[in-house]
Amino acid sequence: MQYVRWDGALELGIPEIDAQHKKLVDLINELYTAVQEKHTAEALQRILQGLSDYAKVHFATEERYFREFGYPEARIHEQQHQDFVSKVADFQEKFEKGETRLPMEMMAFLRQWLVKHIQRSDSRYVPLFEENGLASAKKAEASVF
Ligand SMILES: [Fe+2]
Ligand SMILES: [Fe+2]
């Protein structure tokens with residue numbers, strides 16, 4: 001089910017980053033489907049753990065480029081990543097305690113955070129990443145002419 005739709009509004013034109021964001025969207029949609037289909041708490045926890053693990057991989061990728069390219073807004077951006085990781089950990093903890101109203105609140109948070117973070121924060125590093133050769137071939141070519 002498409003709880004978060006992957007479309008042009010989320011694409012940054014940096015292939016490696018777009019592929020990772022798309023995978024995060026897929027994982028959120030997978031979790032949503034599992035919530036809708038009333039899968040067991042264990043099944044939901046497994047997907048949530050996978051989402052959390054992959055988010056960390058993705059954040060590490062961005063942060064590695066921040067260091068490599070000297071991104072001036074790295075510190076505040078990394079703080080946002082950490083806030084997300086701890087918020088997801090909070091959800092996991094509540095989940096383990098058997099809080100039942102959790103899933104929709106969690107889904108709304110995940111969608112809102114990811115969409116807003118990509119559009120308002122990730123979009124800010126795009127020019128720097130492009131300057132350092134990470135743009136898609138099509139986009140790089142377009143900027144030459
Ligand atoms: Fe980010
Ligand atoms: Fe990102």
# chains A, B, ... in the order shown; residues from 1 in each chain; ligands from 1

$ closest_atom_pairs --of "chain A" --to "ligand 2" --cutoff "12 Å" --atoms "only C-alpha atoms and all ligand atoms" --output "JSON lines"
{"residue": "A:Leu10", "atom": "CA", "partner": "ligand 2", "partner_atom_place_in_ligand_line": "1 (Fe)", "distance": 10.0}
{"residue": "A:Glu11", "atom": "CA", "partner": "ligand 2", "partner_atom_place_in_ligand_line": "1 (Fe)", "distance": 10.5}
{"residue": "A:Leu12", "atom": "CA", "partner": "ligand 2", "partner_atom_place_in_ligand_line": "1 (Fe)", "distance": 9.6}
{"residue": "A:Ile14", "atom": "CA", "partner": "ligand 2", "partner_atom_place_in_ligand_line": "1 (Fe)", "distance": 10.7}
{"residue": "A:Pro15", "atom": "CA", "partner": "ligand 2", "partner_atom_place_in_ligand_line": "1 (Fe)", "distance": 11.9}
{"residue": "A:Glu16", "atom": "CA", "partner": "ligand 2", "partner_atom_place_in_ligand_line": "1 (Fe)", "distance": 10.4}
{"residue": "A:Ile17", "atom": "CA", "partner": "ligand 2", "partner_atom_place_in_ligand_line": "1 (Fe)", "distance": 6.7}
{"residue": "A:Asp18", "atom": "CA", "partner": "ligand 2", "partner_atom_place_in_ligand_line": "1 (Fe)", "distance": 8.2}
{"residue": "A:Ala19", "atom": "CA", "partner": "ligand 2", "partner_atom_place_in_ligand_line": "1 (Fe)", "distance": 10.1}
{"residue": "A:Gln20", "atom": "CA", "partner": "ligand 2", "partner_atom_place_in_ligand_line": "1 (Fe)", "distance": 7.6}
{"residue": "A:His21", "atom": "CA", "partner": "ligand 2", "partner_atom_place_in_ligand_line": "1 (Fe)", "distance": 6.1}
{"residue": "A:Lys22", "atom": "CA", "partner": "ligand 2", "partner_atom_place_in_ligand_line": "1 (Fe)", "distance": 9.9}
{"residue": "A:Lys23", "atom": "CA", "partner": "ligand 2", "partner_atom_place_in_ligand_line": "1 (Fe)", "distance": 10.9}
{"residue": "A:Leu24", "atom": "CA", "partner": "ligand 2", "partner_atom_place_in_ligand_line": "1 (Fe)", "distance": 9.1}
{"residue": "A:Val25", "atom": "CA", "partner": "ligand 2", "partner_atom_place_in_ligand_line": "1 (Fe)", "distance": 11.0}
{"residue": "A:Tyr54", "atom": "CA", "partner": "ligand 2", "partner_atom_place_in_ligand_line": "1 (Fe)", "distance": 11.1}
{"residue": "A:Ala55", "atom": "CA", "partner": "ligand 2", "partner_atom_place_in_ligand_line": "1 (Fe)", "distance": 8.4}
{"residue": "A:Lys56", "atom": "CA", "partner": "ligand 2", "partner_atom_place_in_ligand_line": "1 (Fe)", "distance": 10.1}
{"residue": "A:Val57", "atom": "CA", "partner": "ligand 2", "partner_atom_place_in_ligand_line": "1 (Fe)", "distance": 10.2}
{"residue": "A:His58", "atom": "CA", "partner": "ligand 2", "partner_atom_place_in_ligand_line": "1 (Fe)", "distance": 6.6}
{"residue": "A:Phe59", "atom": "CA", "partner": "ligand 2", "partner_atom_place_in_ligand_line": "1 (Fe)", "distance": 6.4}
{"residue": "A:Ala60", "atom": "CA", "partner": "ligand 2", "partner_atom_place_in_ligand_line": "1 (Fe)", "distance": 9.6}
{"residue": "A:Thr61", "atom": "CA", "partner": "ligand 2", "partner_atom_place_in_ligand_line": "1 (Fe)", "distance": 8.7}
{"residue": "A:Glu62", "atom": "CA", "partner": "ligand 2", "partner_atom_place_in_ligand_line": "1 (Fe)", "distance": 6.7}
{"residue": "A:Glu63", "atom": "CA", "partner": "ligand 2", "partner_atom_place_in_ligand_line": "1 (Fe)", "distance": 9.6}
{"residue": "A:Tyr65", "atom": "CA", "partner": "ligand 2", "partner_atom_place_in_ligand_line": "1 (Fe)", "distance": 11.6}
{"residue": "A:Phe66", "atom": "CA", "partner": "ligand 2", "partner_atom_place_in_ligand_line": "1 (Fe)", "distance": 11.8}
{"residue": "A:His77", "atom": "CA", "partner": "ligand 2", "partner_atom_place_in_ligand_line": "1 (Fe)", "distance": 9.7}
{"residue": "A:Glu78", "atom": "CA", "partner": "ligand 2", "partner_atom_place_in_ligand_line": "1 (Fe)", "distance": 10.5}
{"residue": "A:Gln80", "atom": "CA", "partner": "ligand 2", "partner_atom_place_in_ligand_line": "1 (Fe)", "distance": 10.4}
{"residue": "A:His81", "atom": "CA", "partner": "ligand 2", "partner_atom_place_in_ligand_line": "1 (Fe)", "distance": 8.6}
{"residue": "A:Phe84", "atom": "CA", "partner": "ligand 2", "partner_atom_place_in_ligand_line": "1 (Fe)", "distance": 11.3}
{"residue": "A:Trp113", "atom": "CA", "partner": "ligand 2", "partner_atom_place_in_ligand_line": "1 (Fe)", "distance": 10.6}
{"residue": "A:Leu114", "atom": "CA", "partner": "ligand 2", "partner_atom_place_in_ligand_line": "1 (Fe)", "distance": 7.8}
{"residue": "A:Val115", "atom": "CA", "partner": "ligand 2", "partner_atom_place_in_ligand_line": "1 (Fe)", "distance": 9.5}
{"residue": "A:Lys116", "atom": "CA", "partner": "ligand 2", "partner_atom_place_in_ligand_line": "1 (Fe)", "distance": 10.2}
{"residue": "A:His117", "atom": "CA", "partner": "ligand 2", "partner_atom_place_in_ligand_line": "1 (Fe)", "distance": 7.0}
{"residue": "A:Ile118", "atom": "CA", "partner": "ligand 2", "partner_atom_place_in_ligand_line": "1 (Fe)", "distance": 5.7}
{"residue": "A:Gln119", "atom": "CA", "partner": "ligand 2", "partner_atom_place_in_ligand_line": "1 (Fe)", "distance": 9.3}
{"residue": "A:Arg120", "atom": "CA", "partner": "ligand 2", "partner_atom_place_in_ligand_line": "1 (Fe)", "distance": 10.4}
{"residue": "A:Ser121", "atom": "CA", "partner": "ligand 2", "partner_atom_place_in_ligand_line": "1 (Fe)", "distance": 8.1}
{"residue": "A:Asp122", "atom": "CA", "partner": "ligand 2", "partner_atom_place_in_ligand_line": "1 (Fe)", "distance": 5.5}
{"residue": "A:Ser123", "atom": "CA", "partner": "ligand 2", "partner_atom_place_in_ligand_line": "1 (Fe)", "distance": 8.8}
{"residue": "A:Arg124", "atom": "CA", "partner": "ligand 2", "partner_atom_place_in_ligand_line": "1 (Fe)", "distance": 10.8}
{"residue": "A:Tyr125", "atom": "CA", "partner": "ligand 2", "partner_atom_place_in_ligand_line": "1 (Fe)", "distance": 10.0}
{"residue": "A:Val126", "atom": "CA", "partner": "ligand 2", "partner_atom_place_in_ligand_line": "1 (Fe)", "distance": 10.8}

$ write_last_selection --atoms "N, CA and C atoms" --output "CSV table (one decimal), in the first residue's frame"
chain,number,residue,atom,x,y,z
A,10,LEU,N,10.0,14.1,-4.0
A,10,LEU,CA,11.0,13.6,-3.1
A,10,LEU,C,12.3,13.4,-3.7
A,11,GLU,N,12.4,13.5,-5.0
A,11,GLU,CA,13.6,13.2,-5.7
A,11,GLU,C,14.6,14.3,-5.7
A,12,LEU,N,15.8,14.1,-5.3
A,12,LEU,CA,16.8,15.2,-5.2
A,12,LEU,C,17.7,15.2,-6.4
A,14,ILE,N,20.2,13.1,-6.9
A,14,ILE,CA,21.4,12.4,-6.5
A,14,ILE,C,21.1,10.9,-6.4
A,15,PRO,N,21.5,10.2,-7.4
A,15,PRO,CA,21.0,8.8,-7.5
A,15,PRO,C,21.2,7.9,-6.3
A,16,GLU,N,22.4,8.0,-5.7
A,16,GLU,CA,22.6,7.1,-4.5
A,16,GLU,C,21.7,7.5,-3.4
A,17,ILE,N,21.5,8.8,-3.2
A,17,ILE,CA,20.6,9.3,-2.1
A,17,ILE,C,19.1,9.0,-2.4
A,18,ASP,N,18.8,9.2,-3.7
A,18,ASP,CA,17.4,8.9,-4.0
A,18,ASP,C,17.0,7.4,-3.8
A,19,ALA,N,18.0,6.6,-4.2
A,19,ALA,CA,17.7,5.1,-4.0
A,19,ALA,C,17.5,4.8,-2.6
A,20,GLN,N,18.3,5.4,-1.7
A,20,GLN,CA,18.1,5.2,-0.3
A,20,GLN,C,16.8,5.7,0.3
A,21,HIS,N,16.5,6.9,-0.2
A,21,HIS,CA,15.2,7.5,0.3
A,21,HIS,C,14.0,6.6,-0.2
A,22,LYS,N,14.2,6.1,-1.4
A,22,LYS,CA,13.1,5.3,-2.0
A,22,LYS,C,12.9,4.0,-1.1
A,23,LYS,N,14.1,3.5,-0.7
A,23,LYS,CA,14.0,2.3,0.1
A,23,LYS,C,13.3,2.6,1.5
A,24,LEU,N,13.6,3.8,2.0
A,24,LEU,CA,13.0,4.2,3.3
A,24,LEU,C,11.4,4.3,3.1
A,25,VAL,N,11.1,4.9,2.0
A,25,VAL,CA,9.6,5.0,1.6
A,25,VAL,C,9.0,3.6,1.5
A,54,TYR,N,18.0,0.6,8.6
A,54,TYR,CA,18.3,1.2,7.3
A,54,TYR,C,18.4,2.7,7.4
A,55,ALA,N,17.6,3.3,8.2
A,55,ALA,CA,17.7,4.8,8.4
A,55,ALA,C,19.1,5.1,8.9
A,56,LYS,N,19.7,4.3,9.8
A,56,LYS,CA,21.0,4.6,10.3
A,56,LYS,C,22.1,4.5,9.1
A,57,VAL,N,21.9,3.5,8.3
A,57,VAL,CA,22.8,3.3,7.1
A,57,VAL,C,22.7,4.6,6.2
A,58,HIS,N,21.5,5.0,6.0
A,58,HIS,CA,21.3,6.1,5.1
A,58,HIS,C,21.9,7.4,5.7
A,59,PHE,N,21.6,7.6,7.0
A,59,PHE,CA,22.1,8.8,7.7
A,59,PHE,C,23.7,8.8,7.6
A,60,ALA,N,24.2,7.7,7.8
A,60,ALA,CA,25.7,7.5,7.8
A,60,ALA,C,26.2,7.9,6.4
A,61,THR,N,25.5,7.5,5.4
A,61,THR,CA,25.9,7.9,4.0
A,61,THR,C,25.9,9.4,3.9
A,62,GLU,N,24.9,10.0,4.2
A,62,GLU,CA,24.8,11.5,4.1
A,62,GLU,C,25.9,12.2,5.0
A,63,GLU,N,26.1,11.7,6.2
A,63,GLU,CA,27.0,12.3,7.1
A,63,GLU,C,28.5,12.1,6.6
A,65,TYR,N,29.4,12.1,3.4
A,65,TYR,CA,29.6,13.1,2.4
A,65,TYR,C,29.7,14.5,3.0
A,66,PHE,N,29.0,14.7,4.1
A,66,PHE,CA,29.1,16.0,4.8
A,66,PHE,C,30.5,16.3,5.2
A,77,HIS,N,22.0,19.2,10.9
A,77,HIS,CA,21.4,18.1,10.2
A,77,HIS,C,21.6,16.8,10.9
A,78,GLU,N,22.8,16.6,11.4
A,78,GLU,CA,23.1,15.3,12.1
A,78,GLU,C,22.2,15.2,13.4
A,80,GLN,N,19.2,16.3,13.6
A,80,GLN,CA,17.9,15.9,13.2
A,80,GLN,C,17.9,14.4,13.0
A,81,HIS,N,19.0,13.9,12.4
A,81,HIS,CA,19.0,12.4,12.2
A,81,HIS,C,19.0,11.7,13.6
A,84,PHE,N,15.5,11.6,15.1
A,84,PHE,CA,14.7,10.6,14.4
A,84,PHE,C,15.0,9.2,15.0
A,113,TRP,N,7.9,13.1,9.1
A,113,TRP,CA,9.3,13.4,9.3
A,113,TRP,C,10.1,13.2,8.0
A,114,LEU,N,9.9,12.1,7.4
A,114,LEU,CA,10.7,11.8,6.2
A,114,LEU,C,10.5,12.8,5.0
A,115,VAL,N,9.2,13.1,4.8
A,115,VAL,CA,8.9,14.0,3.7
A,115,VAL,C,9.4,15.4,4.0
A,116,LYS,N,9.2,15.8,5.2
A,116,LYS,CA,9.7,17.2,5.6
A,116,LYS,C,11.2,17.2,5.6
A,117,HIS,N,11.8,16.2,6.1
A,117,HIS,CA,13.3,16.2,6.2
A,117,HIS,C,13.9,16.2,4.8
A,118,ILE,N,13.4,15.4,3.9
A,118,ILE,CA,13.9,15.4,2.5
A,118,ILE,C,13.7,16.7,1.9
A,119,GLN,N,12.5,17.3,2.0
A,119,GLN,CA,12.2,18.5,1.3
A,119,GLN,C,12.9,19.7,1.9
A,120,ARG,N,13.0,19.8,3.2
A,120,ARG,CA,13.5,21.0,3.8
A,120,ARG,C,14.9,20.9,4.2
A,121,SER,N,15.4,19.7,4.6
A,121,SER,CA,16.8,19.6,5.0
A,121,SER,C,17.7,19.0,4.0
A,122,ASP,N,17.4,17.8,3.5
A,122,ASP,CA,18.2,17.1,2.6
A,122,ASP,C,18.4,18.0,1.3
A,123,SER,N,17.3,18.7,0.9
A,123,SER,CA,17.4,19.5,-0.3
A,123,SER,C,18.5,20.5,-0.2
A,124,ARG,N,18.8,21.0,1.0
A,124,ARG,CA,19.8,22.0,1.2
A,124,ARG,C,21.2,21.6,0.8
A,125,TYR,N,21.5,20.3,0.9
A,125,TYR,CA,22.9,19.9,0.6
A,125,TYR,C,23.1,19.6,-0.9
A,126,VAL,N,22.0,19.6,-1.7
A,126,VAL,CA,22.1,19.1,-3.1
A,126,VAL,C,23.1,19.9,-3.9

$ select_by_dssp --residues "chain A" --states "helix (DSSP H, G or I)" --output "PDB file with C-alpha atoms, in the first residue's frame"
ATOM      1  CA  GLY A   8       9.275  13.874  -8.114  1.00  0.00           C
ATOM      2  CA  ALA A   9       8.596  15.904  -4.986  1.00  0.00           C
ATOM      3  CA  LEU A  10      10.950  13.613  -3.052  1.00  0.00           C
ATOM      4  CA  PRO A  15      21.020   8.777  -7.529  1.00  0.00           C
ATOM      5  CA  GLU A  16      22.625   7.122  -4.502  1.00  0.00           C
ATOM      6  CA  ILE A  17      20.606   9.261  -2.080  1.00  0.00           C
ATOM      7  CA  ASP A  18      17.363   8.926  -4.050  1.00  0.00           C
ATOM      8  CA  ALA A  19      17.710   5.130  -4.045  1.00  0.00           C
ATOM      9  CA  GLN A  20      18.139   5.153  -0.254  1.00  0.00           C
ATOM     10  CA  HIS A  21      15.203   7.510   0.277  1.00  0.00           C
ATOM     11  CA  LYS A  22      13.073   5.296  -1.958  1.00  0.00           C
ATOM     12  CA  LYS A  23      13.979   2.293   0.145  1.00  0.00           C
ATOM     13  CA  LEU A  24      12.965   4.188   3.308  1.00  0.00           C
ATOM     14  CA  VAL A  25       9.632   5.033   1.643  1.00  0.00           C
ATOM     15  CA  ASP A  26       9.198   1.345   0.735  1.00  0.00           C
ATOM     16  CA  LEU A  27       9.869   0.290   4.331  1.00  0.00           C
ATOM     17  CA  ILE A  28       7.358   2.810   5.707  1.00  0.00           C
ATOM     18  CA  ASN A  29       4.781   1.521   3.208  1.00  0.00           C
ATOM     19  CA  GLU A  30       5.565  -2.048   4.192  1.00  0.00           C
ATOM     20  CA  LEU A  31       5.036  -1.158   7.853  1.00  0.00           C
ATOM     21  CA  TYR A  32       1.773   0.600   7.008  1.00  0.00           C
ATOM     22  CA  THR A  33       0.485  -2.448   5.147  1.00  0.00           C
ATOM     23  CA  ALA A  34       1.407  -4.655   8.105  1.00  0.00           C
ATOM     24  CA  VAL A  35      -0.440  -2.285  10.477  1.00  0.00           C
ATOM     25  CA  GLN A  36      -3.517  -2.239   8.207  1.00  0.00           C
ATOM     26  CA  ALA A  41       3.272  -6.976  17.278  1.00  0.00           C
ATOM     27  CA  GLU A  42       6.372  -9.100  16.651  1.00  0.00           C
ATOM     28  CA  ALA A  43       5.994  -8.726  12.888  1.00  0.00           C
ATOM     29  CA  LEU A  44       5.553  -4.963  13.199  1.00  0.00           C
ATOM     30  CA  GLN A  45       8.554  -4.726  15.466  1.00  0.00           C
ATOM     31  CA  ARG A  46      10.668  -6.601  12.981  1.00  0.00           C
ATOM     32  CA  ILE A  47       9.797  -4.173  10.180  1.00  0.00           C
ATOM     33  CA  LEU A  48      10.304  -1.187  12.478  1.00  0.00           C
ATOM     34  CA  GLN A  49      13.718  -2.537  13.444  1.00  0.00           C
ATOM     35  CA  GLY A  50      14.584  -2.925   9.755  1.00  0.00           C
ATOM     36  CA  LEU A  51      13.480   0.635   9.105  1.00  0.00           C
ATOM     37  CA  SER A  52      15.544   1.930  12.001  1.00  0.00           C
ATOM     38  CA  ASP A  53      18.618  -0.023  10.867  1.00  0.00           C
ATOM     39  CA  TYR A  54      18.310   1.179   7.299  1.00  0.00           C
ATOM     40  CA  ALA A  55      17.705   4.781   8.382  1.00  0.00           C
ATOM     41  CA  LYS A  56      21.032   4.603  10.256  1.00  0.00           C
ATOM     42  CA  VAL A  57      22.794   3.316   7.140  1.00  0.00           C
ATOM     43  CA  HIS A  58      21.268   6.145   5.131  1.00  0.00           C
ATOM     44  CA  PHE A  59      22.129   8.828   7.685  1.00  0.00           C
ATOM     45  CA  ALA A  60      25.706   7.546   7.811  1.00  0.00           C
ATOM     46  CA  THR A  61      25.926   7.883   4.032  1.00  0.00           C
ATOM     47  CA  GLU A  62      24.802  11.516   4.121  1.00  0.00           C
ATOM     48  CA  GLU A  63      27.031  12.321   7.071  1.00  0.00           C
ATOM     49  CA  ARG A  64      30.068  10.766   5.382  1.00  0.00           C
ATOM     50  CA  TYR A  65      29.560  13.118   2.412  1.00  0.00           C
ATOM     51  CA  PHE A  66      29.062  16.042   4.796  1.00  0.00           C
ATOM     52  CA  ARG A  67      32.529  15.429   6.208  1.00  0.00           C
ATOM     53  CA  GLU A  68      34.054  14.737   2.819  1.00  0.00           C
ATOM     54  CA  PHE A  69      32.629  17.909   1.244  1.00  0.00           C
ATOM     55  CA  ALA A  74      26.302  19.257   9.086  1.00  0.00           C
ATOM     56  CA  ARG A  75      25.897  19.675  12.830  1.00  0.00           C
ATOM     57  CA  ILE A  76      22.234  20.724  12.819  1.00  0.00           C
ATOM     58  CA  HIS A  77      21.435  18.141  10.150  1.00  0.00           C
ATOM     59  CA  GLU A  78      23.088  15.346  12.111  1.00  0.00           C
ATOM     60  CA  GLN A  79      21.089  16.414  15.160  1.00  0.00           C
ATOM     61  CA  GLN A  80      17.887  15.900  13.163  1.00  0.00           C
ATOM     62  CA  HIS A  81      19.046  12.396  12.235  1.00  0.00           C
ATOM     63  CA  GLN A  82      19.744  11.615  15.889  1.00  0.00           C
ATOM     64  CA  ASP A  83      16.325  12.927  16.930  1.00  0.00           C
ATOM     65  CA  PHE A  84      14.692  10.605  14.420  1.00  0.00           C
ATOM     66  CA  VAL A  85      16.644   7.587  15.645  1.00  0.00           C
ATOM     67  CA  SER A  86      15.732   8.276  19.269  1.00  0.00           C
ATOM     68  CA  LYS A  87      12.071   8.913  18.427  1.00  0.00           C
ATOM     69  CA  VAL A  88      11.909   5.547  16.642  1.00  0.00           C
ATOM     70  CA  ALA A  89      13.607   3.931  19.651  1.00  0.00           C
ATOM     71  CA  ASP A  90      10.868   5.482  21.845  1.00  0.00           C
ATOM     72  CA  PHE A  91       8.208   3.932  19.633  1.00  0.00           C
ATOM     73  CA  GLN A  92       9.951   0.575  19.859  1.00  0.00           C
ATOM     74  CA  GLU A  93      10.022   0.812  23.628  1.00  0.00           C
ATOM     75  CA  LYS A  94       6.335   1.723  23.847  1.00  0.00           C
ATOM     76  CA  PHE A  95       5.559  -1.081  21.465  1.00  0.00           C
ATOM     77  CA  GLU A  96       7.236  -3.555  23.748  1.00  0.00           C
ATOM     78  CA  LEU A 102       0.625   3.515  18.759  1.00  0.00           C
ATOM     79  CA  PRO A 103       0.616   2.406  15.128  1.00  0.00           C
ATOM     80  CA  MET A 104      -1.234   5.291  13.475  1.00  0.00           C
ATOM     81  CA  GLU A 105       0.564   7.904  15.527  1.00  0.00           C
ATOM     82  CA  MET A 106       3.827   6.268  14.593  1.00  0.00           C
ATOM     83  CA  MET A 107       2.921   6.028  10.909  1.00  0.00           C
ATOM     84  CA  ALA A 108       1.945   9.706  10.812  1.00  0.00           C
ATOM     85  CA  PHE A 109       5.251  10.644  12.444  1.00  0.00           C
ATOM     86  CA  LEU A 110       7.323   8.526  10.058  1.00  0.00           C
ATOM     87  CA  ARG A 111       5.669   9.933   6.961  1.00  0.00           C
ATOM     88  CA  GLN A 112       5.726  13.496   8.119  1.00  0.00           C
ATOM     89  CA  TRP A 113       9.304  13.375   9.303  1.00  0.00           C
ATOM     90  CA  LEU A 114      10.701  11.762   6.161  1.00  0.00           C
ATOM     91  CA  VAL A 115       8.858  13.984   3.679  1.00  0.00           C
ATOM     92  CA  LYS A 116       9.664  17.160   5.590  1.00  0.00           C
ATOM     93  CA  HIS A 117      13.284  16.166   6.186  1.00  0.00           C
ATOM     94  CA  ILE A 118      13.931  15.372   2.522  1.00  0.00           C
ATOM     95  CA  GLN A 119      12.226  18.516   1.272  1.00  0.00           C
ATOM     96  CA  ARG A 120      13.474  21.014   3.845  1.00  0.00           C
ATOM     97  CA  SER A 121      16.806  19.632   5.044  1.00  0.00           C
ATOM     98  CA  ASP A 122      18.234  17.134   2.553  1.00  0.00           C
ATOM     99  CA  SER A 123      17.389  19.476  -0.331  1.00  0.00           C
ATOM    100  CA  ARG A 124      19.801  22.035   1.166  1.00  0.00           C
ATOM    101  CA  TYR A 125      22.911  19.891   0.557  1.00  0.00           C
ATOM    102  CA  VAL A 126      22.052  19.142  -3.084  1.00  0.00           C
ATOM    103  CA  PRO A 127      24.090  21.994  -4.651  1.00  0.00           C
ATOM    104  CA  LEU A 128      27.170  20.944  -2.663  1.00  0.00           C
ATOM    105  CA  PHE A 129      26.740  17.254  -3.556  1.00  0.00           C
ATOM    106  CA  GLU A 130      26.294  18.232  -7.209  1.00  0.00           C
ATOM    107  CA  GLU A 131      29.449  20.335  -7.170  1.00  0.00           C
ATOM    108  CA  ALA A 137      24.399  11.890 -15.435  1.00  0.00           C
ATOM    109  CA  LYS A 138      21.362  13.518 -16.994  1.00  0.00           C
ATOM    110  CA  LYS A 139      21.354  16.399 -14.584  1.00  0.00           C
ATOM    111  CA  ALA A 140      25.125  16.899 -14.765  1.00  0.00           C
ATOM    112  CA  GLU A 141      24.933  17.047 -18.549  1.00  0.00           C
ATOM    113  CA  ALA A 142      22.099  19.548 -18.420  1.00  0.00           C
ATOM    114  CA  SER A 143      24.121  21.874 -16.219  1.00  0.00           C
ATOM    115  CA  VAL A 144      27.065  21.876 -18.662  1.00  0.00           C
TER     116      VAL A 144
END

$ atom_distance --atom1 "atom CA of A:Leu134" --atom2 "atom CA of A:Gly13"
8.7 Å

$ atom_distance --atom1 "atom CA of A:Glu73" --atom2 "atom CA of A:Asn132"
16.2 Å

$ decode --residues "stretch 63-69 of chain A" --atoms "all heavy atoms" --output "mmCIF file, in the first residue's frame"
data_model
loop_
_atom_site.group_PDB
_atom_site.id
_atom_site.type_symbol
_atom_site.label_atom_id
_atom_site.label_comp_id
_atom_site.auth_asym_id
_atom_site.auth_seq_id
_atom_site.Cartn_x
_atom_site.Cartn_y
_atom_site.Cartn_z
ATOM 1 N N GLU A 63 26.078 11.685 6.159
ATOM 2 C CA GLU A 63 27.031 12.321 7.071
ATOM 3 C C GLU A 63 28.479 12.123 6.603
ATOM 4 O O GLU A 63 29.336 12.973 6.837
ATOM 5 C CB GLU A 63 26.810 11.794 8.496
ATOM 6 C CG GLU A 63 25.475 12.321 9.049
ATOM 7 C CD GLU A 63 25.000 11.643 10.327
ATOM 8 O OE1 GLU A 63 25.813 10.943 10.968
ATOM 9 O OE2 GLU A 63 23.812 11.797 10.676
ATOM 10 N N ARG A 64 28.729 11.011 5.939
ATOM 11 C CA ARG A 64 30.068 10.766 5.382
ATOM 12 C C ARG A 64 30.358 11.812 4.289
ATOM 13 O O ARG A 64 31.443 12.390 4.244
ATOM 14 C CB ARG A 64 30.138 9.348 4.808
ATOM 15 C CG ARG A 64 31.462 8.980 4.183
ATOM 16 C CD ARG A 64 31.634 7.472 3.980
ATOM 17 N NE ARG A 64 30.440 6.819 3.435
ATOM 18 C CZ ARG A 64 30.108 6.810 2.141
ATOM 19 N NH1 ARG A 64 30.874 7.412 1.252
ATOM 20 N NH2 ARG A 64 29.003 6.198 1.739
ATOM 21 N N TYR A 65 29.368 12.081 3.444
ATOM 22 C CA TYR A 65 29.560 13.118 2.412
ATOM 23 C C TYR A 65 29.673 14.507 3.044
ATOM 24 O O TYR A 65 30.419 15.346 2.548
ATOM 25 C CB TYR A 65 28.423 13.095 1.390
ATOM 26 C CG TYR A 65 28.483 11.909 0.447
ATOM 27 C CD1 TYR A 65 27.382 11.085 0.229
ATOM 28 C CD2 TYR A 65 29.665 11.613 -0.245
ATOM 29 C CE1 TYR A 65 27.439 9.996 -0.634
ATOM 30 C CE2 TYR A 65 29.739 10.530 -1.111
ATOM 31 C CZ TYR A 65 28.620 9.726 -1.298
ATOM 32 O OH TYR A 65 28.681 8.660 -2.156
ATOM 33 N N PHE A 66 28.953 14.737 4.133
ATOM 34 C CA PHE A 66 29.062 16.042 4.796
ATOM 35 C C PHE A 66 30.519 16.290 5.189
ATOM 36 O O PHE A 66 31.052 17.383 4.994
ATOM 37 C CB PHE A 66 28.208 16.101 6.079
ATOM 38 C CG PHE A 66 26.714 16.088 5.857
ATOM 39 C CD1 PHE A 66 25.853 15.897 6.935
ATOM 40 C CD2 PHE A 66 26.161 16.270 4.598
ATOM 41 C CE1 PHE A 66 24.478 15.895 6.754
ATOM 42 C CE2 PHE A 66 24.783 16.259 4.400
ATOM 43 C CZ PHE A 66 23.948 16.064 5.491
ATOM 44 N N ARG A 67 31.136 15.277 5.758
ATOM 45 C CA ARG A 67 32.529 15.429 6.208
ATOM 46 C C ARG A 67 33.462 15.572 5.018
ATOM 47 O O ARG A 67 34.360 16.423 5.009
ATOM 48 C CB ARG A 67 32.955 14.225 7.060
ATOM 49 C CG ARG A 67 32.417 14.275 8.482
ATOM 50 C CD ARG A 67 33.082 13.240 9.370
ATOM 51 N NE ARG A 67 32.770 11.890 8.930
ATOM 52 C CZ ARG A 67 31.642 11.247 9.255
ATOM 53 N NH1 ARG A 67 30.742 11.832 10.021
ATOM 54 N NH2 ARG A 67 31.417 10.032 8.824
ATOM 55 N N GLU A 68 33.203 14.727 4.005
ATOM 56 C CA GLU A 68 34.054 14.737 2.819
ATOM 57 C C GLU A 68 34.003 16.095 2.098
ATOM 58 O O GLU A 68 35.022 16.602 1.630
ATOM 59 C CB GLU A 68 33.554 13.647 1.879
ATOM 60 C CG GLU A 68 34.646 12.895 1.142
ATOM 61 C CD GLU A 68 34.037 11.751 0.332
ATOM 62 O OE1 GLU A 68 33.416 10.855 0.965
ATOM 63 O OE2 GLU A 68 34.175 11.767 -0.901
ATOM 64 N N PHE A 69 32.812 16.670 2.015
ATOM 65 C CA PHE A 69 32.629 17.909 1.244
ATOM 66 C C PHE A 69 32.627 19.157 2.118
ATOM 67 O O PHE A 69 32.495 20.273 1.612
ATOM 68 C CB PHE A 69 31.315 17.861 0.447
ATOM 69 C CG PHE A 69 31.140 16.644 -0.437
ATOM 70 C CD1 PHE A 69 29.874 16.151 -0.721
ATOM 71 C CD2 PHE A 69 32.243 15.995 -1.003
ATOM 72 C CE1 PHE A 69 29.701 15.039 -1.543
ATOM 73 C CE2 PHE A 69 32.081 14.877 -1.819
ATOM 74 C CZ PHE A 69 30.804 14.393 -2.086
#
